[in-house]
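Text of my_file_12.txt (compact mmCIF, C-alpha atoms) as supplied:
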```txt
# COMPACT_ATOMS: atom_id res chain seq x y z
CA MET A 1 16.86 23.49 19.72
CA GLU A 2 17.77 25.27 22.94
CA LYS A 3 21.45 25.40 21.96
CA GLN A 4 21.49 25.63 18.17
CA LEU A 5 18.30 27.49 17.29
CA LEU A 6 16.67 29.51 20.06
CA PRO A 7 19.71 31.68 20.95
CA LEU A 8 20.25 32.83 17.35
CA ASP A 9 20.18 36.60 16.82
CA ALA A 10 17.84 36.07 13.88
CA LEU A 11 15.12 34.93 16.32
CA ARG A 12 15.28 38.02 18.52
CA PRO A 13 12.26 39.64 16.78
CA ALA A 14 10.16 36.74 18.10
CA TYR A 15 11.27 36.93 21.73
CA ASP A 16 8.57 39.37 22.88
CA LYS A 17 5.73 37.94 20.82
CA ALA A 18 4.87 35.09 23.19
CA VAL A 19 5.14 33.83 26.73
CA TRP A 20 7.82 31.16 26.62
CA LEU A 21 7.45 27.93 28.57
CA TYR A 22 10.38 25.54 28.74
CA VAL A 23 9.44 22.00 29.74
CA HIS A 24 12.24 19.61 30.61
CA ARG A 25 11.93 15.91 31.29
CA ASP A 26 14.74 13.93 32.89
CA PHE A 27 12.62 10.74 33.03
CA SER A 28 13.49 10.23 36.68
CA GLY A 29 9.84 9.81 37.63
CA ASN A 30 10.13 12.32 40.45
CA GLU A 31 7.47 14.94 41.15
CA ALA A 32 8.94 17.57 38.82
CA ASP A 33 9.38 15.08 35.99
CA ALA A 34 5.81 13.81 36.46
CA ALA A 35 4.49 17.38 36.21
CA ALA A 36 6.52 17.92 33.03
CA GLU A 37 5.21 14.64 31.63
CA ARG A 38 1.62 15.78 32.14
CA VAL A 39 2.32 18.95 30.15
CA CYS A 40 3.85 16.92 27.32
CA LEU A 41 0.98 14.45 27.30
CA ARG A 42 -1.68 17.17 27.15
CA LEU A 43 0.04 18.54 24.08
CA GLY A 44 0.20 15.09 22.49
CA MET A 45 3.99 15.01 22.44
CA SER A 46 5.66 11.67 21.80
CA ALA A 47 9.04 12.83 20.50
CA PHE A 48 11.56 15.43 21.67
CA PRO A 49 12.57 18.20 21.21
CA GLN A 50 9.51 20.07 19.96
CA HIS A 51 8.41 23.69 19.88
CA PHE A 52 4.73 24.55 19.56
CA LEU A 53 2.66 27.70 19.66
CA ILE A 54 -0.26 27.13 22.03
CA GLU A 55 -3.55 28.91 22.69
CA PRO A 56 -3.16 29.54 26.44
CA ARG A 57 -6.85 29.25 27.34
CA THR A 58 -7.50 25.93 25.61
CA LEU A 59 -4.00 24.46 25.10
CA GLU A 60 -4.92 24.07 21.42
CA ARG A 61 -1.83 23.61 19.29
CA LEU A 62 -1.85 26.50 16.83
CA ALA A 63 1.40 25.84 15.00
CA ASP A 64 4.58 23.81 14.95
CA THR A 65 7.47 26.20 14.41
CA GLY A 66 9.84 23.61 13.03
CA ARG A 67 13.59 23.82 13.60
CA ALA A 68 14.67 26.42 11.02
CA VAL A 69 14.73 30.19 11.49
CA ASP A 70 12.50 31.05 8.50
CA GLY A 71 9.76 28.60 9.46
CA PHE A 72 9.99 29.60 13.10
CA LEU A 73 9.54 33.31 12.38
CA ALA A 74 6.78 32.64 9.84
CA ALA A 75 4.80 30.67 12.42
CA MET A 76 5.28 33.35 15.08
CA ASN A 77 4.10 36.07 12.68
CA ARG A 78 1.14 34.05 11.44
CA VAL A 79 -0.43 33.05 14.77
CA ARG A 80 -2.62 35.42 16.78
CA VAL A 81 -4.33 34.95 20.13
CA GLU A 82 -6.56 37.26 22.11
CA LYS A 83 -5.08 38.95 25.14
CA GLY A 84 -6.66 38.69 28.56
CA GLY A 85 -9.45 36.28 29.37
CA SER A 86 -10.25 34.21 32.43
CA LEU A 87 -8.11 31.78 34.38
CA ASP A 88 -10.52 28.90 33.77
CA ALA A 89 -7.89 26.95 31.87
CA VAL A 90 -5.49 27.16 34.80
CA ARG A 91 -8.21 25.99 37.17
CA LYS A 92 -9.19 23.08 34.92
CA ILE A 93 -5.61 21.90 34.50
CA THR A 94 -4.99 22.13 38.24
CA GLU A 95 -8.11 20.08 38.93
CA ALA A 96 -7.21 17.55 36.23
CA ASP A 97 -3.70 17.15 37.62
CA ALA A 98 -5.20 16.41 41.03
CA LYS A 99 -7.44 13.73 39.50
CA ALA A 100 -4.54 12.17 37.62
CA ILE A 101 -2.35 12.05 40.72
CA ALA A 102 -5.20 10.56 42.75
CA LEU A 103 -5.66 7.83 40.15
CA GLU A 104 -1.96 7.04 40.19
CA LYS A 105 -2.11 6.59 43.94
CA SER A 106 -5.36 4.63 44.16
CA ALA A 107 -5.02 2.48 41.00
CA SER A 108 -8.70 1.69 41.54
CA VAL A 109 -10.47 -0.12 38.69
CA GLY A 110 -13.76 1.47 39.70
CA ASP A 111 -12.27 4.94 39.59
CA ALA A 112 -10.57 4.16 36.28
CA ARG A 113 -13.84 3.05 34.67
CA LYS A 114 -15.31 6.46 35.46
CA ALA A 115 -12.20 8.45 34.59
CA ILE A 116 -11.76 6.86 31.15
CA ASP A 117 -14.42 9.34 29.96
CA ASP A 118 -12.91 12.40 31.65
CA GLU A 119 -12.55 15.49 29.48
CA ASP A 120 -8.85 15.74 30.31
CA VAL A 121 -6.64 13.43 28.27
CA VAL A 122 -4.06 12.95 31.03
CA VAL A 123 -6.75 11.73 33.41
CA ARG A 124 -7.96 9.39 30.69
CA LEU A 125 -4.45 8.12 30.14
CA ARG A 126 -4.01 7.35 33.82
CA ALA A 127 -7.35 5.52 33.82
CA LEU A 128 -6.34 3.65 30.69
CA GLY A 129 -3.11 2.51 32.34
CA ILE A 130 -5.00 1.03 35.26
CA LEU A 131 -7.51 -0.77 33.03
CA ALA A 132 -4.76 -2.03 30.73
CA GLU A 133 -3.10 -3.70 33.70
CA LYS A 134 -6.13 -4.93 35.60
CA GLU A 135 -9.05 -5.12 33.17
CA PRO A 136 -7.83 -5.03 29.54
CA ALA A 137 -11.08 -6.59 28.28
CA ALA A 138 -12.85 -3.34 29.20
CA ILE A 139 -10.67 -1.51 26.71
CA ALA A 140 -11.32 -4.05 23.96
CA LYS A 141 -15.07 -3.48 24.34
CA ARG A 142 -14.57 0.22 23.59
CA ALA A 143 -11.76 -0.09 21.08
CA LYS A 144 -13.54 1.73 18.26
CA ASP A 145 -14.38 4.80 20.33
CA LEU A 146 -11.06 4.96 22.15
CA LEU A 147 -8.98 4.66 18.98
CA GLN A 148 -10.82 7.60 17.44
CA ILE A 149 -9.57 10.01 20.10
CA PRO A 150 -7.16 12.31 18.16
CA HIS A 151 -4.23 12.03 20.53
CA ASP A 152 -1.13 10.02 19.66
CA PRO A 153 0.08 8.92 23.12
CA PHE A 154 -3.48 7.91 24.02
CA ARG A 155 -3.77 5.80 20.87
CA TYR A 156 -0.39 4.21 21.54
CA ALA A 157 -1.59 3.23 25.00
CA VAL A 158 -4.90 1.85 23.70
CA CYS A 159 -3.06 -0.26 21.10
CA LYS A 160 -0.71 -1.66 23.74
CA ALA A 161 -3.68 -2.51 25.96
CA LEU A 162 -5.42 -4.24 23.06
CA ALA A 163 -2.28 -6.23 22.30
CA LYS A 164 -2.30 -7.40 25.91
CA ALA A 165 -6.00 -8.26 25.79
CA GLY A 166 -5.66 -10.20 22.53
CA ASP A 167 -9.37 -9.69 21.89
CA ALA A 168 -10.45 -10.36 18.30
CA SER A 169 -13.35 -7.91 18.66
CA ALA A 170 -10.80 -5.10 18.31
CA ALA A 171 -9.60 -6.27 14.90
CA ARG A 172 -11.76 -4.00 12.72
CA PRO A 173 -11.05 -0.78 14.66
CA LEU A 174 -7.34 -1.60 14.51
CA ASP A 175 -7.56 -2.32 10.78
CA ALA A 176 -9.13 1.11 10.29
CA LEU A 177 -6.48 2.85 12.37
CA LEU A 178 -3.70 1.11 10.46
CA ARG A 179 -5.13 2.17 7.11
CA ASP A 180 -6.05 5.76 7.95
CA ALA A 181 -4.12 6.90 11.05
CA PRO A 182 -6.65 9.78 11.27
CA LYS A 183 -5.58 13.14 12.68
CA ALA A 184 -2.25 11.77 13.87
CA LEU A 185 0.81 13.93 14.52
CA ASN A 186 3.00 10.87 13.99
CA PRO A 187 0.95 8.56 11.74
CA ASN A 188 3.81 6.14 11.21
CA VAL A 189 4.14 5.37 14.93
CA VAL A 190 0.35 5.13 15.24
CA ARG A 191 0.43 2.53 12.47
CA ILE A 192 3.29 0.65 14.11
CA GLU A 193 1.30 0.36 17.33
CA ALA A 194 -1.84 -0.69 15.44
CA ALA A 195 0.05 -3.33 13.46
CA SER A 196 1.67 -4.67 16.61
CA ALA A 197 -1.73 -4.95 18.29
CA LEU A 198 -3.13 -6.74 15.24
CA GLY A 199 -0.51 -9.41 15.81
CA ALA A 200 -2.48 -10.30 18.94
CA CYS A 201 -6.03 -9.27 17.92
CA GLY A 202 -6.16 -9.55 14.15
CA ASP A 203 -7.80 -12.22 12.01
CA ALA A 204 -7.64 -13.32 8.38
CA ALA A 205 -9.33 -10.10 7.25
CA SER A 206 -6.60 -8.05 8.95
CA ILE A 207 -3.98 -9.43 6.58
CA ASP A 208 -5.46 -7.28 3.82
CA ALA A 209 -4.81 -4.19 5.97
CA LEU A 210 -1.28 -5.29 6.90
CA GLN A 211 -0.14 -6.47 3.47
CA PRO A 212 0.64 -3.07 1.87
CA PHE A 213 2.89 -2.12 4.75
CA ALA A 214 4.64 -5.48 4.86
CA ALA A 215 5.22 -5.28 1.10
CA SER A 216 6.44 -1.68 1.10
CA GLY A 217 10.04 -2.84 0.92
CA ASP A 218 11.06 0.05 3.17
CA ALA A 219 13.75 -1.51 5.33
CA ARG A 220 14.35 1.76 7.18
CA ASN A 221 10.79 1.97 8.48
CA GLY A 222 10.05 -0.09 11.57
CA LEU A 223 6.45 -0.49 10.40
CA THR A 224 7.53 -2.85 7.62
CA GLY A 225 8.96 -5.51 9.91
CA VAL A 226 6.19 -5.12 12.47
CA ALA A 227 3.60 -5.76 9.74
CA VAL A 228 5.51 -8.87 8.65
CA ASP A 229 5.58 -10.19 12.21
CA ALA A 230 1.87 -9.43 12.70
CA ILE A 231 0.91 -11.40 9.59
CA ALA A 232 2.87 -14.40 10.85
CA ALA A 233 1.32 -14.10 14.31
CA ILE A 234 -2.20 -14.04 12.88
CA ALA A 235 -1.50 -17.14 10.79
CA ALA A 236 -0.16 -18.92 13.87
CA ARG A 237 -3.53 -18.40 15.59
CA ASP A 238 -5.86 -18.83 12.64
CA ALA A 239 -5.39 -21.73 10.22
CA LYS A 240 -7.77 -20.09 7.73
CA ALA A 241 -5.40 -17.14 7.50
CA LYS A 242 -2.36 -19.19 6.44
CA PRO A 243 -2.92 -19.09 2.65
CA LEU A 244 -3.49 -15.34 2.77
CA ALA A 245 -0.47 -14.90 5.02
CA ARG A 246 1.74 -16.94 2.70
CA THR A 247 0.72 -14.83 -0.32
CA ALA A 248 1.22 -11.57 1.58
CA LEU A 249 4.62 -12.58 2.89
CA VAL A 250 5.93 -13.83 -0.45
CA ALA A 251 5.11 -10.38 -1.83
CA ALA A 252 6.95 -8.81 1.11
CA TYR A 253 10.44 -9.90 0.04
CA PRO A 254 12.07 -6.50 -0.53
CA ALA A 255 13.70 -5.55 -3.80
CA PRO A 256 17.50 -5.66 -3.66
CA PRO A 257 18.86 -2.21 -2.77
CA SER A 258 20.08 0.20 -5.42
CA ASP A 259 22.33 1.81 -2.81
CA PRO A 260 24.95 -0.59 -1.37
CA ALA A 261 24.72 1.29 1.93
CA ASP A 262 21.24 -0.18 2.38
CA THR A 263 22.28 -3.78 1.77
CA LYS A 264 22.50 -4.81 5.42
CA LEU A 265 19.06 -3.41 6.26
CA VAL A 266 17.40 -4.92 3.19
CA VAL A 267 18.92 -8.34 3.76
CA ALA A 268 17.81 -8.23 7.40
CA LEU A 269 14.26 -7.47 6.28
CA ALA A 270 14.37 -10.25 3.68
CA LYS A 271 15.48 -12.72 6.37
CA ARG A 272 12.67 -11.53 8.62
CA VAL A 273 10.16 -12.25 5.84
CA HIS A 274 11.87 -15.59 5.21
CA GLU A 275 11.59 -16.63 8.86
CA ALA A 276 7.94 -15.57 8.95
CA LEU A 277 7.21 -17.72 5.90
CA ALA A 278 8.91 -20.70 7.51
CA LYS A 279 6.63 -20.33 10.54
CA VAL A 280 3.50 -19.93 8.43
CA THR A 281 4.15 -22.79 5.99
CA GLY A 282 6.18 -25.19 8.12
CA LYS A 283 8.60 -25.53 5.21
CA LYS A 284 12.35 -25.08 5.11
CA VAL A 285 13.83 -23.08 2.26
CA ALA A 286 17.50 -22.14 2.22
CA PHE A 287 18.26 -18.43 2.29
CA PRO A 288 20.86 -17.49 -0.38
CA GLU A 289 24.32 -16.27 0.39
CA THR A 290 23.75 -13.33 -1.94
CA TYR A 291 20.40 -11.58 -1.97
CA ASP A 292 19.84 -10.20 -5.45
CA ALA A 293 16.98 -10.07 -7.97
CA ALA A 294 17.48 -13.68 -9.05
CA ALA A 295 17.60 -14.88 -5.45
CA ARG A 296 14.46 -12.93 -4.63
CA LYS A 297 12.58 -14.50 -7.52
CA LYS A 298 13.76 -17.99 -6.54
CA LEU A 299 12.77 -17.47 -2.93
CA ALA A 300 9.29 -16.32 -3.91
CA ALA A 301 8.82 -19.47 -5.98
CA GLY A 302 10.12 -21.72 -3.22
CA TRP A 303 7.11 -21.45 -0.93
```

Structure rendered as structure tokens:
Amino acid sequence: MEKQLLPLDALRPAYDKAVWLYVHRDFSGNEADAAAERVCLRLGMSAFPQHFLIEPRTLERLADTGRAVDGFLAAMNRVRVEKGGSLDAVRKITEADAKAIALEKSASVGDARKAIDDEDVVVRLRALGILAEKEPAAIAKRAKDLLQIPHDPFRYAVCKALAKAGDASAARPLDALLRDAPKALNPNVVRIEAASALGACGDAASIDALQPFAASGDARNGLTGVAVDAIAAIAARDAKAKPLARTALVAAYPAPPSDPADTKLVVALAKRVHEALAKVTGKKVAFPETYDAAARKKLAAGW
């Protein structure tokens, strides 16, 4: 964006309509990178590059400009903010940064238990990281509330903590997140994290939530394979889930591709389903040399 979009002459009318903030991360973990990370986290960023229009007093995201000139200018012309106002936002962010840095240094479970309810999402994320490492069960107890926080990186972190805890009490909140991905900027990644966590926390009822994604046949979407793996993992823990898992996985064999360019990806997904079925059923069924419609039908009947 900074090389191919922002310098274009067509964007010059937008230059004086906002205060521009450029945030760069080099992922070195040094002080400057940590400060940049906190900015990105407060804005809910989980992919780069991005360009947002932000309300300076609240940090509310008002618009995503996109990466084309027309959409960029339309967003700039559409959004309005009031001039002036207090510096309360600056003070609050400064104080929150101090809390987050203090948590990073102390890594205290007691401090983290208190900070998990802080109004600042970066402070909550730092607290979550400490609890995920030292007391993951505490996160499982609050899974429903924590997963409803409309912030993608926070939800990713909660899902990872739940996967580590492996607590079945988190199954229903994770099922709900997988189905709905409410208020997510990147719902597909939210679902991937939820499905992965269900592999450790889910039960027989979770297979119903996972099945549509496993059976999507979309070999280009990482969610498909993660859902397949989660179903197999649940069946490995819960004998009652095995019949449901077998049915869901048989339906997950993808249709042969119409585009030959997709053959490698589709066959890889079919083999992933095949291996999952072998684990769930304990049977051995040969995978065909050629994966076509006839082979798919034969495989489905073989389990």

Inset, instruction - For atom CA of A:Asp229 and atom CA of A:Lys284, determine how far apart the two atoms are, in Å to one decimal place. - result: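 That distance, rounded to one decimal, is 17.8 Å.
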
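Relative to atom CA of A:Ala200, atom CA of A:Ala140 is found at 11.9 Å.
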
Inset, instruction - Within 7 Å of stretch 196-198 of chain A, counting all atoms listed in the file, which residues show up once you throw out same-chain ones fewer than 2 positions away? Write them as a list in words, please. - result: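 That gives Cys159, Lys160, Leu162, Ala163, Ala171, Leu174, Ile192, Glu193, Ala194, Ala200, Cys201, Gly202, Val226 and Ala230 of chain A.
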
Could the residues in this selection be saved with C-alpha atoms as a short mmCIF file (atom, residue, chain, number, x, y, z; two decimals), in the coordinates of the input?
```cif
data_model
loop_
_atom_site.label_atom_id
_atom_site.label_comp_id
_atom_site.auth_asym_id
_atom_site.auth_seq_id
_atom_site.Cartn_x
_atom_site.Cartn_y
_atom_site.Cartn_z
CA CYS A 159 -3.06 -0.26 21.10
CA LYS A 160 -0.71 -1.66 23.74
CA LEU A 162 -5.42 -4.24 23.06
CA ALA A 163 -2.28 -6.23 22.30
CA ALA A 171 -9.60 -6.27 14.90
CA LEU A 174 -7.34 -1.60 14.51
CA ILE A 192 3.29 0.65 14.11
CA GLU A 193 1.30 0.36 17.33
CA ALA A 194 -1.84 -0.69 15.44
CA ALA A 200 -2.48 -10.30 18.94
CA CYS A 201 -6.03 -9.27 17.92
CA GLY A 202 -6.16 -9.55 14.15
CA VAL A 226 6.19 -5.12 12.47
CA ALA A 230 1.87 -9.43 12.70
#
```

Inset, instruction - Tell me, as a PyMOL selection string, which residues lie within 8 Å of A:Val69, counting only C-alpha atoms; anything in the same chain fewer than 2 positions away does not count. - result: chain A and resi 5+10-11+67+71-73

Inset, instruction - Quick one: everything within 9 Å of A:Val250, counting only C-alpha atoms, minus sequence neighbours fewer than 6 positions away in the same chain. Send it as an NGL selection string. - result: :A and (215 or 273-274 or 277 or 299-301 or 303)

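Going from atom CA of A:Asp111 to atom CA of A:Arg57 covers 27.8 Å.
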
Could you list, as a short mmCIF file (atom, residue, chain, number, x, y, z; two decimals) with C-alpha atoms, in the frame of the given file, every residue within 9 Å of A:Glu55, counting all atoms listed in the file and ignoring same-chain residues fewer than 6 positions away?
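As written to disk, around26.cif reads:
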```
data_model
loop_
_atom_site.label_atom_id
_atom_site.label_comp_id
_atom_site.auth_asym_id
_atom_site.auth_seq_id
_atom_site.Cartn_x
_atom_site.Cartn_y
_atom_site.Cartn_z
CA ARG A 61 -1.83 23.61 19.29
CA LEU A 62 -1.85 26.50 16.83
CA ARG A 80 -2.62 35.42 16.78
CA VAL A 81 -4.33 34.95 20.13
CA GLU A 82 -6.56 37.26 22.11
#
```

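Nearest-residue note for A:Glu31: choosing from A:Leu59, A:Gly110, A:Asp97, A:Leu210, the minimum distance belongs to A:Asp97, counting only C-alpha atoms.
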
Inset, instruction - Would you kindly identify which residues have an atom no farther than 12 Å from (9.4, -17.8, 4.3), using only C-alpha atoms and the file's own coordinates, and write them out as a PyMOL selection string? - result: chain A and resi 228-229+231-232+245-253+269-287+296+298-303

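Within the 6 Å cut-off around A:Ala214, using all atoms listed in the file and omitting residues fewer than 2 positions from it on the same chain, the listed residues are Gln211, Pro212, Ser216, Thr224, Ala227, Val228 and Ala252 of chain A.
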
Export of the given selection (C-alpha atoms) as a PDB file, in the coordinates of the input:
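Dumped everything to again.pdb:
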```pdb
ATOM      1  CA  GLN A 211      -0.140  -6.470   3.470  1.00  0.00           C
ATOM      2  CA  PRO A 212       0.640  -3.070   1.870  1.00  0.00           C
ATOM      3  CA  SER A 216       6.440  -1.680   1.100  1.00  0.00           C
ATOM      4  CA  THR A 224       7.530  -2.850   7.620  1.00  0.00           C
ATOM      5  CA  ALA A 227       3.600  -5.760   9.740  1.00  0.00           C
ATOM      6  CA  VAL A 228       5.510  -8.870   8.650  1.00  0.00           C
ATOM      7  CA  ALA A 252       6.950  -8.810   1.110  1.00  0.00           C
TER       8      ALA A 252
END
```

With 4 Å on each side, where is the centre of the axis-aligned box around all listed atoms of stretch 234-239 of chain A, and how long are its edges in Å to one decimal, as AutoDock Vina command-line options?
```
--center_x -3.0 --center_y -17.9 --center_z 12.9 --size_x 13.7 --size_y 15.7 --size_z 13.4
```
